[in-house]
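Have a look at the structure below, then the notes.
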Amino acid sequence: MRKILFGVIITLIVLFTFKYCGDRKKEQTILKENSALIQEQLKNVSKLVVTEGHFSEVFTYDNSKRIFGDLLEVEKKAIVVVNADVTVAYDLSKIEYNVDETTKTLQILSIPKEEIKISPDFEYYDIQADYLNPFEAKDYNEIKKTVRKQLMKKIEASDLKSNAQNRLLSELSKFYILTNSLGWKLEYNQTPVESLEGLNTLKL
């Protein structure tokens with residue numbers, strides 16, 4: 001009787017061990033699959049989030065000066081019409097992240113800063129330049145430098161950057177939806193993201 005009881009106990013222990021090991025292996029397999037799925041999603045996210053805008057501006061360039069002891073004024077003026085296409089982009093292939101399988105956490109460490117590209121088209125009108133004060137390459141460079149500075153001010157005052165950031169948040173929300181559906185957590189810069197609303201309040 002003792003031998004039969006002992007055999008039953010040993011059999012139960014062996015079965016339990018196999019079941020435990022099988023469950024652990026299954027759990028680790030699911031964990032690996034989830035980890036791979038999250039990393040694949042990070043790779044497949046839009047590589048470039050782009051918001052486009054168009055700006056028009058009219059500038060008056062004046063670099064007239066007096067010569068010969070203020071006896072003579074030599075003019076150098078022009079009206080410059082600028083039409084510029086502007087893009088604000090985030091290169092999401094540069095996102096730095098860490099997948100922590102131990103805590104089941106996707107940690108977004110850093111997000112690249114937006115890249116602003118200005119493509120201006122210049123048209124010059126009413127150009128006035130004396131022989132002693134002609135238009136030179138440095139004048140055109142100065143015009144381009146001034147135009148870019150003014151356009152940057154207009155971009156900052158517009159909603160172009162905020163629209164680009166909203167599109168960025170829309171892409172990042174995919175990470176929250178995925179991690180949440182898999183029972184994982186999402187962190188940005190060591191701050192837990194516990195809802196889509198919480199994602200929108202992050203300082204990027």
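To be explicit about the labels: the chains of the structure tokens are called A, B, and onward in the order shown, and within each one the residues are counted from 1, while ligands get numbers from 1 in the order they are shown.
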
Exercise. Determine which residues of stretch 66-195 of chain A receive a DSSP assignment of strand (DSSP E or B), computed from the backbone, and state them as a PyMOL selection string.
Key: chain A and resi 66-67+72-74+76-91+96-100+105-110+115-129+185-188+191-193

Self-check item: Residue contacts of stretch 144-159 of chain A (12 Å, only C-alpha atoms) excluding same-chain residues fewer than 5 positions away, as a VMD selection string
Solution: chain A and resid 51 to 61 80 to 88 116 to 124 137 to 139 164 to 166

Self-check item: Option closest in space to A:Leu168, from A:Gln190, A:Glu142, A:Glu96, A:Ala89 [counting only C-alpha atoms]
Solution: A:Ala89

Quiz item: Of the residues A:Lys185, A:Lys76, A:Lys203, A:Lys65, which is the one nearest to A:Asp126, using only C-alpha atoms?
Solution: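 Residue with the minimum atom-to-atom distance to A:Asp126: A:Lys76.
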
What's around A:Ser173 at 8 Å? Count only C-alpha atoms, leave out sequence neighbours fewer than 4 positions away in its own chain, and write the answer as a PDB file with all heavy atoms, in the first residue's frame.
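And here is the file that came out, selection19.pdb:
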```pdb
ATOM      1  N   LEU A 169       1.637  63.090 -31.562  1.00  0.00           N
ATOM      2  CA  LEU A 169       0.924  62.430 -30.468  1.00  0.00           C
ATOM      3  C   LEU A 169      -0.007  61.338 -30.989  1.00  0.00           C
ATOM      4  O   LEU A 169      -0.199  60.310 -30.349  1.00  0.00           O
ATOM      5  CB  LEU A 169       0.135  63.462 -29.657  1.00  0.00           C
ATOM      6  CG  LEU A 169       0.974  64.405 -28.789  1.00  0.00           C
ATOM      7  CD1 LEU A 169       0.106  65.528 -28.221  1.00  0.00           C
ATOM      8  CD2 LEU A 169       1.653  63.641 -27.657  1.00  0.00           C
ATOM      9  N   ILE A 177      -1.985  52.187 -27.196  1.00  0.00           N
ATOM     10  CA  ILE A 177      -3.062  51.230 -27.494  1.00  0.00           C
ATOM     11  C   ILE A 177      -2.508  49.808 -27.565  1.00  0.00           C
ATOM     12  O   ILE A 177      -3.105  48.861 -27.033  1.00  0.00           O
ATOM     13  CB  ILE A 177      -3.758  51.622 -28.815  1.00  0.00           C
ATOM     14  CG1 ILE A 177      -4.513  52.946 -28.632  1.00  0.00           C
ATOM     15  CG2 ILE A 177      -4.716  50.525 -29.260  1.00  0.00           C
ATOM     16  CD1 ILE A 177      -5.028  53.545 -29.921  1.00  0.00           C
ATOM     17  N   LEU A 196      -4.824  57.793 -22.793  1.00  0.00           N
ATOM     18  CA  LEU A 196      -4.578  58.606 -23.992  1.00  0.00           C
ATOM     19  C   LEU A 196      -4.583  60.092 -23.632  1.00  0.00           C
ATOM     20  O   LEU A 196      -3.828  60.877 -24.203  1.00  0.00           O
ATOM     21  CB  LEU A 196      -5.640  58.319 -25.055  1.00  0.00           C
ATOM     22  CG  LEU A 196      -5.538  56.960 -25.764  1.00  0.00           C
ATOM     23  CD1 LEU A 196      -6.731  56.748 -26.683  1.00  0.00           C
ATOM     24  CD2 LEU A 196      -4.234  56.858 -26.538  1.00  0.00           C
ATOM     25  N   LEU A 199      -1.305  61.023 -22.288  1.00  0.00           N
ATOM     26  CA  LEU A 199      -0.312  61.162 -23.354  1.00  0.00           C
ATOM     27  C   LEU A 199      -0.297  62.577 -23.896  1.00  0.00           C
ATOM     28  O   LEU A 199       0.754  63.136 -24.194  1.00  0.00           O
ATOM     29  CB  LEU A 199      -0.618  60.155 -24.471  1.00  0.00           C
ATOM     30  CG  LEU A 199       0.383  60.044 -25.614  1.00  0.00           C
ATOM     31  CD1 LEU A 199       1.707  59.492 -25.125  1.00  0.00           C
ATOM     32  CD2 LEU A 199      -0.161  59.158 -26.714  1.00  0.00           C
TER      33      LEU A 199
END
```

Self-check item: Test item, alpha helix (DSSP H) assignment across stretch 76-191 of chain A, answer as a ChimeraX atom specification
Solution: /A:137-157,160-181

Exercise. With a distance cut-off of 12 Å and only C-alpha atoms, select the neighbouring residues of A:Gly198, excluding the residue or stretch itself and same-chain residues fewer than 2 positions from it, and output the selection as a list in words.
Key: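 Everything that qualifies: Leu169, Leu172, Ser173, Tyr176, Leu186, Glu187, Tyr188, Thr191, Pro192, Val193, Glu194, Ser195, Leu196, Asn200, Thr201, Leu202 and Lys203 of chain A.
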
For N, CA and C atoms, I'd like the residues from the last selection saved as a PDB file, in the first residue's frame.
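That gives us result.pdb:
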```pdb
ATOM      1  N   LEU A 169       1.637  63.090 -31.562  1.00  0.00           N
ATOM      2  CA  LEU A 169       0.924  62.430 -30.468  1.00  0.00           C
ATOM      3  C   LEU A 169      -0.007  61.338 -30.989  1.00  0.00           C
ATOM      4  N   LEU A 172       2.152  58.397 -31.479  1.00  0.00           N
ATOM      5  CA  LEU A 172       2.556  57.821 -30.193  1.00  0.00           C
ATOM      6  C   LEU A 172       1.398  57.098 -29.513  1.00  0.00           C
ATOM      7  N   SER A 173       0.159  57.531 -29.801  1.00  0.00           N
ATOM      8  CA  SER A 173      -0.997  56.878 -29.184  1.00  0.00           C
ATOM      9  C   SER A 173      -1.100  55.416 -29.618  1.00  0.00           C
ATOM     10  N   TYR A 176       0.582  53.343 -27.057  1.00  0.00           N
ATOM     11  CA  TYR A 176      -0.209  53.144 -25.833  1.00  0.00           C
ATOM     12  C   TYR A 176      -1.289  52.087 -26.062  1.00  0.00           C
ATOM     13  N   LEU A 186       3.388  51.740 -20.616  1.00  0.00           N
ATOM     14  CA  LEU A 186       4.121  52.683 -21.466  1.00  0.00           C
ATOM     15  C   LEU A 186       4.656  53.809 -20.607  1.00  0.00           C
ATOM     16  N   GLU A 187       5.928  54.133 -20.800  1.00  0.00           N
ATOM     17  CA  GLU A 187       6.549  55.246 -20.083  1.00  0.00           C
ATOM     18  C   GLU A 187       7.234  56.164 -21.090  1.00  0.00           C
ATOM     19  N   TYR A 188       7.163  57.465 -20.806  1.00  0.00           N
ATOM     20  CA  TYR A 188       7.938  58.434 -21.588  1.00  0.00           C
ATOM     21  C   TYR A 188       8.771  59.270 -20.631  1.00  0.00           C
ATOM     22  N   THR A 191       8.090  58.833 -17.068  1.00  0.00           N
ATOM     23  CA  THR A 191       6.739  59.190 -16.624  1.00  0.00           C
ATOM     24  C   THR A 191       5.749  58.172 -17.160  1.00  0.00           C
ATOM     25  N   PRO A 192       5.017  57.465 -16.295  1.00  0.00           N
ATOM     26  CA  PRO A 192       4.032  56.479 -16.778  1.00  0.00           C
ATOM     27  C   PRO A 192       2.921  57.154 -17.574  1.00  0.00           C
ATOM     28  N   VAL A 193       2.550  56.530 -18.673  1.00  0.00           N
ATOM     29  CA  VAL A 193       1.415  56.997 -19.480  1.00  0.00           C
ATOM     30  C   VAL A 193       0.257  56.046 -19.191  1.00  0.00           C
ATOM     31  N   GLU A 194      -0.742  56.542 -18.478  1.00  0.00           N
ATOM     32  CA  GLU A 194      -1.826  55.681 -18.006  1.00  0.00           C
ATOM     33  C   GLU A 194      -3.116  55.854 -18.790  1.00  0.00           C
ATOM     34  N   SER A 195      -3.147  56.781 -19.735  1.00  0.00           N
ATOM     35  CA  SER A 195      -4.340  56.978 -20.567  1.00  0.00           C
ATOM     36  C   SER A 195      -3.946  57.782 -21.794  1.00  0.00           C
ATOM     37  N   LEU A 196      -4.824  57.793 -22.793  1.00  0.00           N
ATOM     38  CA  LEU A 196      -4.578  58.606 -23.992  1.00  0.00           C
ATOM     39  C   LEU A 196      -4.583  60.092 -23.632  1.00  0.00           C
ATOM     40  N   ASN A 200      -1.485  63.168 -24.017  1.00  0.00           N
ATOM     41  CA  ASN A 200      -1.588  64.514 -24.578  1.00  0.00           C
ATOM     42  C   ASN A 200      -1.028  65.598 -23.654  1.00  0.00           C
ATOM     43  N   THR A 201      -0.860  65.279 -22.371  1.00  0.00           N
ATOM     44  CA  THR A 201      -0.350  66.268 -21.413  1.00  0.00           C
ATOM     45  C   THR A 201       1.162  66.199 -21.248  1.00  0.00           C
ATOM     46  N   LEU A 202       1.808  65.241 -21.920  1.00  0.00           N
ATOM     47  CA  LEU A 202       3.255  65.110 -21.770  1.00  0.00           C
ATOM     48  C   LEU A 202       3.989  66.286 -22.403  1.00  0.00           C
ATOM     49  N   LYS A 203       5.098  66.654 -21.790  1.00  0.00           N
ATOM     50  CA  LYS A 203       5.942  67.706 -22.352  1.00  0.00           C
ATOM     51  C   LYS A 203       6.963  67.066 -23.275  1.00  0.00           C
TER      52      LYS A 203
END
```
